[in-house]
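Shown here: run-v2.cif, mmCIF, C-alpha atoms.
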data_protein
#
loop_
_atom_site.label_atom_id
_atom_site.label_comp_id
_atom_site.auth_asym_id
_atom_site.auth_seq_id
_atom_site.Cartn_x
_atom_site.Cartn_y
_atom_site.Cartn_z
CA MET A 298 -1.21 14.71 61.60
CA ILE A 299 -0.62 11.07 62.53
CA CYS A 300 0.62 7.97 60.78
CA ILE A 301 -0.01 4.31 61.49
CA GLN A 302 2.89 2.12 60.35
CA HIS A 303 3.50 -1.57 59.67
CA ALA A 304 -0.16 -2.60 59.82
CA THR A 305 -1.98 -5.08 57.64
CA ILE A 306 -4.28 -2.61 55.88
CA TYR A 307 -7.68 -3.50 54.40
CA THR A 308 -8.50 -1.10 51.56
CA PRO A 309 -11.55 -1.55 49.30
CA ASP A 310 -9.36 -3.16 46.63
CA GLU A 311 -6.52 -4.98 48.37
CA VAL A 312 -4.85 -6.05 51.59
CA ILE A 313 -1.47 -4.40 52.15
CA LYS A 314 0.60 -6.64 54.41
CA ASP A 315 3.03 -4.01 55.73
CA GLY A 316 1.37 -0.68 55.11
CA THR A 317 1.27 2.85 56.42
CA VAL A 318 -1.63 5.30 56.58
CA LEU A 319 -1.03 9.04 56.87
CA VAL A 320 -3.89 11.07 58.37
CA VAL A 321 -4.12 14.86 58.00
CA ASP A 322 -6.93 17.03 59.41
CA GLY A 323 -9.14 14.08 60.20
CA ARG A 324 -8.97 12.53 56.74
CA ILE A 325 -6.88 9.84 55.16
CA GLN A 326 -4.22 11.43 52.96
CA THR A 327 -2.03 8.51 51.87
CA ILE A 328 -2.11 4.70 51.99
CA ALA A 329 0.91 2.78 50.74
CA PRO A 330 3.34 -0.01 51.58
CA THR A 331 5.57 1.22 54.39
CA SER A 332 8.68 0.87 52.21
CA GLN A 333 7.22 3.23 49.61
CA ILE A 334 6.07 6.12 51.74
CA GLU A 335 8.03 9.22 52.73
CA LEU A 336 6.73 10.81 55.90
CA PRO A 337 6.74 14.57 56.50
CA ASP A 338 8.64 16.05 59.41
CA ARG A 339 7.07 16.22 62.86
CA VAL A 340 4.50 13.52 62.29
CA SER A 341 3.41 11.35 65.21
CA CYS A 342 3.79 7.69 64.30
CA PHE A 343 2.08 4.62 65.75
CA ASP A 344 3.73 1.21 65.30
CA ALA A 345 0.95 -1.26 64.41
CA THR A 346 3.11 -4.30 63.74
CA GLY A 347 0.99 -7.44 63.97
CA LEU A 348 -2.33 -5.55 63.90
CA HIS A 349 -5.10 -5.28 61.28
CA LEU A 350 -6.06 -1.75 60.22
CA VAL A 351 -9.69 -1.59 59.08
CA PRO A 352 -12.43 1.04 58.70
CA GLY A 353 -14.45 1.89 61.78
CA PHE A 354 -17.71 0.01 62.16
CA ILE A 355 -21.14 1.54 61.45
CA ASP A 356 -24.21 0.32 63.38
CA LEU A 357 -27.57 1.12 61.78
CA GLN A 358 -29.66 -0.09 64.73
CA LEU A 359 -28.74 0.54 68.36
CA ASN A 360 -31.28 1.13 71.14
CA GLY A 361 -28.87 2.03 73.94
CA ALA A 362 -26.02 0.68 76.09
CA ILE A 363 -24.30 1.00 79.49
CA GLY A 364 -27.65 1.01 81.27
CA LEU A 365 -29.13 3.81 79.14
CA ASP A 366 -32.08 3.69 76.71
CA PHE A 367 -32.39 6.21 73.85
CA THR A 368 -36.20 6.13 73.60
CA SER A 369 -36.87 6.98 77.25
CA GLU A 370 -33.78 9.19 77.61
CA PRO A 371 -32.57 10.72 74.30
CA ARG A 372 -29.70 12.54 76.03
CA ALA A 373 -28.18 9.09 76.53
CA ILE A 374 -26.97 9.33 72.92
CA TRP A 375 -23.80 11.12 74.02
CA PRO A 376 -22.60 8.92 76.91
CA VAL A 377 -23.37 5.81 74.86
CA ALA A 378 -21.46 7.30 71.93
CA HIS A 379 -18.48 7.76 74.25
CA TYR A 380 -18.63 4.04 75.14
CA LEU A 381 -19.04 2.61 71.63
CA PRO A 382 -15.44 2.95 70.31
CA GLN A 383 -14.34 0.09 72.55
CA THR A 384 -16.75 -2.12 70.56
CA GLY A 385 -15.31 -0.94 67.24
CA VAL A 386 -18.22 1.37 66.39
CA THR A 387 -17.18 4.79 65.10
CA SER A 388 -20.59 5.95 63.82
CA PHE A 389 -24.15 4.79 64.39
CA LEU A 390 -27.87 5.46 64.16
CA PRO A 391 -29.43 5.84 67.62
CA THR A 392 -32.73 4.00 67.38
CA ILE A 393 -36.00 5.31 68.80
CA ILE A 394 -38.60 2.57 69.09
CA THR A 395 -42.39 2.86 69.11
CA SER A 396 -43.41 5.70 71.43
CA PRO A 397 -45.42 8.93 71.29
CA LEU A 398 -44.26 11.13 68.41
CA THR A 399 -43.13 13.68 71.00
CA ALA A 400 -40.33 11.23 71.92
CA VAL A 401 -39.11 11.36 68.32
CA SER A 402 -39.16 15.16 68.44
CA SER A 403 -37.12 15.13 71.66
CA ALA A 404 -34.54 12.84 70.06
CA GLN A 405 -34.38 15.08 66.98
CA GLU A 406 -33.56 18.05 69.21
CA ILE A 407 -30.70 16.14 70.84
CA ILE A 408 -29.16 14.76 67.67
CA THR A 409 -29.26 18.06 65.78
CA SER A 410 -27.63 19.94 68.68
CA ASP A 411 -23.91 20.25 69.28
CA PRO A 412 -22.19 17.47 71.25
CA PRO A 413 -21.24 18.24 74.84
CA ASN A 414 -18.02 20.17 75.38
CA GLY A 415 -15.01 17.89 75.10
CA PHE A 416 -17.02 15.05 73.58
CA GLN A 417 -15.05 12.17 72.10
CA GLY A 418 -16.80 9.10 70.78
CA ALA A 419 -18.70 7.51 67.94
CA MET A 420 -20.57 9.97 65.75
CA PRO A 421 -24.37 9.69 65.54
CA LEU A 422 -25.28 9.99 61.86
CA GLY A 423 -28.99 10.56 62.46
CA LEU A 424 -31.86 8.68 64.02
CA HIS A 425 -33.33 5.32 63.10
CA ILE A 426 -37.06 5.67 63.86
CA GLU A 427 -38.37 2.12 64.37
CA GLY A 428 -42.11 2.66 64.74
CA PRO A 429 -44.79 3.69 65.49
CA PHE A 430 -45.89 2.64 61.98
CA LEU A 431 -45.64 -1.10 62.66
CA HIS A 432 -48.15 -3.93 62.39
CA PRO A 433 -49.58 -4.87 65.79
CA ASP A 434 -49.32 -8.59 65.00
CA LYS A 435 -45.55 -8.22 64.67
CA LYS A 436 -44.96 -5.67 67.42
CA GLY A 437 -42.20 -7.64 69.13
CA ALA A 438 -41.09 -5.64 72.17
CA HIS A 439 -42.89 -2.46 71.01
CA ASN A 440 -45.79 -1.07 73.05
CA PRO A 441 -49.00 -1.56 71.01
CA ALA A 442 -50.60 1.43 72.76
CA HIS A 443 -48.42 3.74 70.68
CA LEU A 444 -48.81 2.05 67.28
CA GLN A 445 -50.54 4.12 64.61
CA LEU A 446 -51.02 4.43 60.87
CA PRO A 447 -48.53 6.50 58.88
CA THR A 448 -49.55 9.83 57.37
CA ALA A 449 -47.67 12.65 55.69
CA GLU A 450 -48.58 15.00 58.55
CA LYS A 451 -46.96 12.77 61.16
CA VAL A 452 -43.61 12.77 59.32
CA ALA A 453 -43.72 16.39 58.18
CA ASN A 454 -40.35 17.26 59.75
CA TRP A 455 -38.62 13.89 59.31
CA SER A 456 -35.60 14.43 57.08
CA PRO A 457 -31.81 14.04 57.28
CA ALA A 458 -31.53 17.79 57.92
CA ASN A 459 -33.80 17.33 60.94
CA GLY A 460 -31.88 14.33 62.24
CA VAL A 461 -33.84 11.42 60.72
CA ARG A 462 -31.82 9.02 58.53
CA LEU A 463 -33.78 5.76 58.55
CA VAL A 464 -37.42 4.87 59.24
CA THR A 465 -38.78 1.35 59.73
CA LEU A 466 -42.43 0.82 58.82
CA ALA A 467 -44.76 -2.00 57.82
CA PRO A 468 -45.45 -1.58 54.09
CA GLU A 469 -48.91 -3.24 54.25
CA LEU A 470 -50.36 -0.52 56.51
CA ASP A 471 -52.80 1.98 55.05
CA GLY A 472 -50.83 5.03 53.96
CA ALA A 473 -47.44 3.33 54.16
CA MET A 474 -46.70 3.47 50.44
CA ASP A 475 -47.36 7.22 50.25
CA VAL A 476 -45.20 7.87 53.31
CA ALA A 477 -42.43 5.64 51.95
CA ARG A 478 -42.39 7.65 48.70
CA LEU A 479 -42.41 10.94 50.59
CA LEU A 480 -39.57 10.00 52.94
CA SER A 481 -37.41 8.44 50.24
CA GLU A 482 -37.77 11.57 48.10
CA ARG A 483 -36.38 13.55 51.07
CA GLY A 484 -33.36 11.27 51.31
CA VAL A 485 -34.55 9.22 54.29
CA ILE A 486 -33.84 5.48 53.99
CA VAL A 487 -37.13 3.62 54.38
CA SER A 488 -37.00 0.09 55.78
CA ALA A 489 -39.58 -2.67 55.92
CA GLY A 490 -39.94 -4.36 59.28
CA HIS A 491 -42.28 -5.45 62.08
CA SER A 492 -44.60 -6.42 59.28
CA THR A 493 -47.04 -9.07 58.07
CA ALA A 494 -46.45 -8.08 54.42
CA ASN A 495 -46.79 -10.77 51.79
CA PHE A 496 -44.44 -11.00 48.83
CA ALA A 497 -46.54 -8.76 46.56
CA GLN A 498 -46.94 -6.08 49.24
CA ALA A 499 -43.20 -6.12 49.93
CA MET A 500 -42.37 -5.76 46.23
CA ALA A 501 -44.81 -2.85 45.97
CA GLY A 502 -42.94 -1.31 48.89
CA PHE A 503 -39.67 -1.55 46.98
CA ASP A 504 -41.38 0.16 44.03
CA ALA A 505 -42.42 2.93 46.45
CA GLY A 506 -38.84 3.50 47.60
CA ILE A 507 -38.22 1.03 50.44
CA ARG A 508 -34.55 0.07 50.31
CA TYR A 509 -33.79 -1.76 53.56
CA GLY A 510 -35.05 -4.63 55.68
CA THR A 511 -34.97 -4.34 59.48
CA HIS A 512 -33.52 -7.41 61.25
CA LEU A 513 -34.29 -10.05 58.62
CA PHE A 514 -36.56 -12.90 59.80
CA ASN A 515 -37.35 -11.23 63.12
CA ALA A 516 -40.83 -9.68 63.47
CA MET A 517 -41.95 -10.83 60.02
CA PRO A 518 -43.68 -13.97 58.68
CA PRO A 519 -41.43 -16.99 58.25
CA LEU A 520 -40.20 -17.84 54.78
CA HIS A 521 -42.71 -20.18 53.09
CA HIS A 522 -42.25 -22.06 49.85
CA ARG A 523 -45.61 -20.90 48.41
CA GLU A 524 -45.63 -17.42 49.99
CA PRO A 525 -42.10 -16.00 50.31
CA GLY A 526 -43.42 -13.00 52.25
CA LEU A 527 -41.30 -10.03 53.27
CA ALA A 528 -38.27 -12.18 54.08
CA GLY A 529 -38.32 -13.78 50.65
CA ALA A 530 -38.78 -10.42 48.93
CA LEU A 531 -35.83 -8.91 50.79
CA LEU A 532 -33.62 -11.81 49.78
CA ALA A 533 -34.80 -11.83 46.16
CA ASP A 534 -34.77 -8.15 45.24
CA ASP A 535 -31.40 -6.57 44.52
CA ARG A 536 -32.76 -3.13 45.43
CA ALA A 537 -32.93 -4.12 49.09
CA THR A 538 -30.11 -4.05 51.63
CA ILE A 539 -30.69 -6.32 54.62
CA GLY A 540 -29.97 -6.02 58.33
CA VAL A 541 -29.15 -9.16 60.32
CA ILE A 542 -28.54 -9.58 64.07
CA ALA A 543 -25.69 -12.11 64.07
CA ASP A 544 -25.74 -13.02 67.76
CA GLY A 545 -26.68 -16.67 67.24
CA GLU A 546 -29.95 -16.05 69.11
CA HIS A 547 -32.06 -13.93 66.75
CA VAL A 548 -31.10 -15.95 63.66
CA HIS A 549 -29.68 -19.48 63.63
CA PRO A 550 -26.01 -19.50 62.53
CA GLU A 551 -26.79 -21.85 59.62
CA LEU A 552 -29.44 -19.44 58.35
CA VAL A 553 -26.96 -16.55 58.59
CA LYS A 554 -24.65 -18.70 56.46
CA LEU A 555 -27.42 -19.25 53.91
CA VAL A 556 -28.20 -15.52 53.73
CA TRP A 557 -24.49 -14.84 53.24
CA ARG A 558 -24.40 -17.23 50.29
CA MET A 559 -27.46 -15.58 48.75
CA VAL A 560 -26.69 -11.86 49.08
CA GLY A 561 -22.99 -11.53 49.98
CA ASN A 562 -21.44 -8.48 51.57
CA GLY A 563 -22.85 -6.01 49.04
CA ARG A 564 -26.40 -6.24 50.42
CA LEU A 565 -25.88 -7.51 53.96
CA THR A 566 -25.35 -5.25 56.98
CA LEU A 567 -24.70 -6.54 60.45
CA VAL A 568 -26.61 -4.65 63.14
CA THR A 569 -26.51 -5.14 66.88
CA ASP A 570 -30.04 -4.02 67.85
CA ALA A 571 -28.36 -3.80 71.26
CA MET A 572 -30.29 -2.33 74.18
CA ALA A 573 -29.44 -0.72 77.50
CA ALA A 574 -27.83 -3.88 78.91
CA LEU A 575 -24.96 -3.77 76.39
CA GLY A 576 -21.78 -3.50 78.45
CA MET A 577 -23.64 -4.26 81.69
CA PRO A 578 -24.13 -7.35 83.89
CA PRO A 579 -27.34 -9.43 83.86
CA GLY A 580 -30.31 -7.77 85.52
CA HIS A 581 -33.39 -5.69 84.72
CA TYR A 582 -33.16 -2.88 82.15
CA THR A 583 -35.41 -0.62 80.08
CA LEU A 584 -36.38 -0.72 76.40
CA GLY A 585 -38.84 2.06 75.67
CA ASP A 586 -41.78 1.55 78.04
CA TYR A 587 -40.88 -1.98 79.03
CA GLU A 588 -38.76 -3.63 81.68
CA VAL A 589 -36.47 -6.24 80.12
CA ILE A 590 -34.97 -9.25 81.87
CA VAL A 591 -31.37 -9.83 80.85
CA ASP A 592 -29.32 -12.97 81.39
CA GLU A 593 -25.84 -13.84 80.08
CA THR A 594 -26.96 -14.18 76.44
CA THR A 595 -30.37 -12.59 75.78
CA ALA A 596 -32.69 -9.71 76.64
CA ARG A 597 -36.37 -10.67 76.93
CA LEU A 598 -39.70 -9.32 78.08
CA PRO A 599 -41.31 -11.28 80.92
CA SER A 600 -43.37 -13.03 78.20
CA GLY A 601 -40.16 -14.42 76.70
CA THR A 602 -40.20 -12.15 73.63
CA LEU A 603 -36.73 -11.07 72.54
CA ALA A 604 -36.23 -7.37 73.31
CA GLY A 605 -33.14 -6.26 71.44
CA SER A 606 -29.75 -7.88 72.00
CA LEU A 607 -26.56 -7.72 74.06
CA LEU A 608 -24.40 -7.92 70.94
CA ARG A 609 -21.20 -5.92 70.48
CA MET A 610 -20.39 -5.09 66.87
CA ASP A 611 -16.89 -6.55 67.06
CA THR A 612 -18.47 -9.78 68.31
CA ALA A 613 -20.92 -9.69 65.40
CA VAL A 614 -18.01 -9.55 62.94
CA ARG A 615 -16.28 -12.49 64.60
CA ASN A 616 -19.58 -14.38 64.59
CA LEU A 617 -20.12 -13.80 60.87
CA ILE A 618 -16.66 -15.17 60.14
CA ASN A 619 -17.31 -18.19 62.37
CA PHE A 620 -20.82 -18.84 61.02
CA THR A 621 -19.93 -18.54 57.33
CA GLY A 622 -16.24 -19.32 57.01
CA CYS A 623 -15.64 -16.01 55.24
CA THR A 624 -12.45 -13.99 55.66
CA LEU A 625 -12.06 -10.73 57.54
CA ALA A 626 -11.71 -8.91 54.22
CA GLU A 627 -15.01 -10.42 53.06
CA ALA A 628 -16.82 -9.66 56.33
CA LEU A 629 -15.73 -6.03 56.69
CA PRO A 630 -18.09 -4.43 54.12
CA THR A 631 -21.11 -5.60 56.14
CA VAL A 632 -20.18 -3.15 58.92
CA THR A 633 -18.36 -0.49 56.89
CA ARG A 634 -18.83 0.14 53.17
CA THR A 635 -22.32 -1.36 52.73
CA PRO A 636 -24.04 0.63 55.52
CA ALA A 637 -22.15 3.77 54.43
CA ASP A 638 -23.33 3.31 50.84
CA LEU A 639 -26.91 2.73 51.99
CA LEU A 640 -26.78 6.07 53.83
CA GLY A 641 -25.17 7.81 50.86
CA LEU A 642 -21.90 8.53 52.69
CA PRO A 643 -19.04 7.71 50.27
CA HIS A 644 -16.48 9.32 52.61
CA LYS A 645 -17.17 6.74 55.33
CA GLY A 646 -16.73 3.00 55.63
CA ARG A 647 -13.57 2.61 53.56
CA LEU A 648 -9.82 3.10 53.84
CA ALA A 649 -9.08 5.35 50.86
CA PRO A 650 -7.58 8.80 50.32
CA ASN A 651 -9.88 11.70 51.27
CA CYS A 652 -12.14 9.45 53.36
CA ASP A 653 -12.84 10.17 57.02
CA ALA A 654 -10.10 8.78 59.25
CA ASP A 655 -12.43 6.53 61.27
CA LEU A 656 -10.11 3.58 61.84
CA LEU A 657 -9.74 0.47 63.94
CA LEU A 658 -6.70 -1.55 64.86
CA LEU A 659 -7.66 -5.16 65.54
CA THR A 660 -5.53 -7.81 67.19
CA PRO A 661 -4.82 -11.08 65.33
CA ASP A 662 -7.87 -12.62 67.07
CA LEU A 663 -9.97 -9.61 65.96
CA GLN A 664 -10.32 -7.87 69.32
CA VAL A 665 -10.46 -4.06 69.30
CA HIS A 666 -7.00 -2.69 70.13
CA THR A 667 -7.25 1.01 69.15
CA THR A 668 -10.05 3.19 67.77
CA VAL A 669 -9.44 6.40 65.80
CA ILE A 670 -12.28 8.80 64.96
CA ALA A 671 -11.71 11.79 62.70
CA GLY A 672 -7.99 11.26 63.04
CA LYS A 673 -7.92 11.21 66.85
CA ILE A 674 -7.26 8.21 69.04
CA VAL A 675 -10.36 7.87 71.25
CA TYR A 676 -9.83 4.36 72.66
CA GLN A 677 -6.90 2.07 73.38
CA LYS A 678 -7.25 -1.29 75.07
#
Take the structure I supplied and represent it as structure tokens, if you would.
Amino acid sequence: MICIQHATIYTPDEVIKDGTVLVVDGRIQTIAPTSQIELPDRVSCFDATGLHLVPGFIDLQLNGAIGLDFTSEPRAIWPVAHYLPQTGVTSFLPTIITSPLTAVSSAQEIITSDPPNGFQGAMPLGLHIEGPFLHPDKKGAHNPAHLQLPTAEKVANWSPANGVRLVTLAPELDGAMDVARLLSERGVIVSAGHSTANFAQAMAGFDAGIRYGTHLFNAMPPLHHREPGLAGALLADDRATIGVIADGEHVHPELVKLVWRMVGNGRLTLVTDAMAALGMPPGHYTLGDYEVIVDETTARLPSGTLAGSLLRMDTAVRNLINFTGCTLAEALPTVTRTPADLLGLPHKGRLAPNCDADLLLLTPDLQVHTTVIAGKIVYQK
């Protein structure tokens, strides 16, 4: 049992200027103004005067960090998860990019097994399988040798129970609509991405159960005034939630601002799409089969193609605020409530009674000060 006192608390409905949160057995029990709450005996209290208390961040697309790549080394999920709380991330979807289907099976084995003894860190919520059902003309940093058409047989054991939460595919591929229907019926979130789909094909994908768009504008045709394409369909259709990499490199800040104006925080999720170089100095790193050259700001293949990002999630939140002029309260759902709702997890992504006590304390300049996961402090700056 712990309590956090005198924080500025961001609940789904209001901002409490001097509030206290009481956590019992890993869940939020009470949220109230500090002056109105009576604490039980023998509770450990944390004075958060001057700090913002917000829900922990959720990243729907992360390829690796601290020199480790999930696709080539699925066991990296656990050491990366230990690192992530210092970036504000308390739960995430480890992302497996285009590779032989045996690599997906290996990752499923890891993510459905128990964490290592003594593990403390961000909780993996299931895998994001990004490929191999992608269009070769929009492969990005994915190895075309492993691309293939989707079939029911290839996804026979892909389900949340077997560790698969989200699947990115190109809706225009032969068989994609049938696979999208099949996966969505199992509770897997199906996303459109790495695609040449036109507007009509994208809308048909939404009818088949696609509900997400992987890194809007990247690896899809540009928005055109006579053919809106996949990007236009994602922006236009209220059924779709959208992922955006807000690092200022993948999408121009002014375009992020325009997307914000169009869809708001109810359909926008910030993702990092970070790769092994996250938290590391410039150098050469791995993304799937490829060596990636990393400088101070970007990760690229030798050809110059962007290959994931170096983005921390707390930086993404600060960027969104800077790009759009929105408030912290307005930005928070893009990394908390909206991704949690997409995944069907009402107990995550919000500060409310009975929700998981995945919490962040942020400094006035929105740096991560303290991270709490399931009611336990796992990181302090």
**OP:** Output the residue selection produced by the PyMOL selection byres ((chain A and resi 527-538) around 9) on the file above, formatted as an MDAnalysis selection string.
**Re:** chainID A and resid 488:490 492:500 503 507:510 513:514 517:521 524:526 539:540 556 559:560 563:566 635:636 639
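Using only C-alpha atoms, the smallest distance between any of A:Glu588, A:Asp434, A:Glu427, A:Glu370 and Thr395 (chain A) comes from A:Glu427.
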Subject >> Picked residues, the PyMOL selection byres ((chain A and resi 622) around 12), as a list of chain:residue names >> reply: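 Evaluating the PyMOL selection byres ((chain A and resi 622) around 12) on these coordinates yields A:Pro550, A:Glu551, A:Val553, A:Lys554, A:Leu555, A:Trp557, A:Arg558, A:Val614, A:Arg615, A:Asn616, A:Leu617, A:Ile618, A:Asn619, A:Phe620, A:Thr621, A:Cys623, A:Thr624, A:Leu625, A:Ala626, A:Glu627, A:Ala628.
Computed from the coordinates, the CA of His547 (chain A) to CA of Asp638 (chain A) distance equals 25.0 Å.
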**OP:** Expand the PyMOL selection byres ((chain A and resi 323) around 10) into the individual residues it matches in the shown file, reporting them as a list of chain:residue names.
**Re:**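 So the PyMOL selection byres ((chain A and resi 323) around 10) ends up selecting A:Met298, A:Ile299, A:Val320, A:Val321, A:Asp322, A:Arg324, A:Ile325, A:Gln326, A:Asn651, A:Cys652, A:Asp653, A:Ala654, A:Asp655, A:Val669, A:Ile670, A:Ala671, A:Gly672, A:Lys673.
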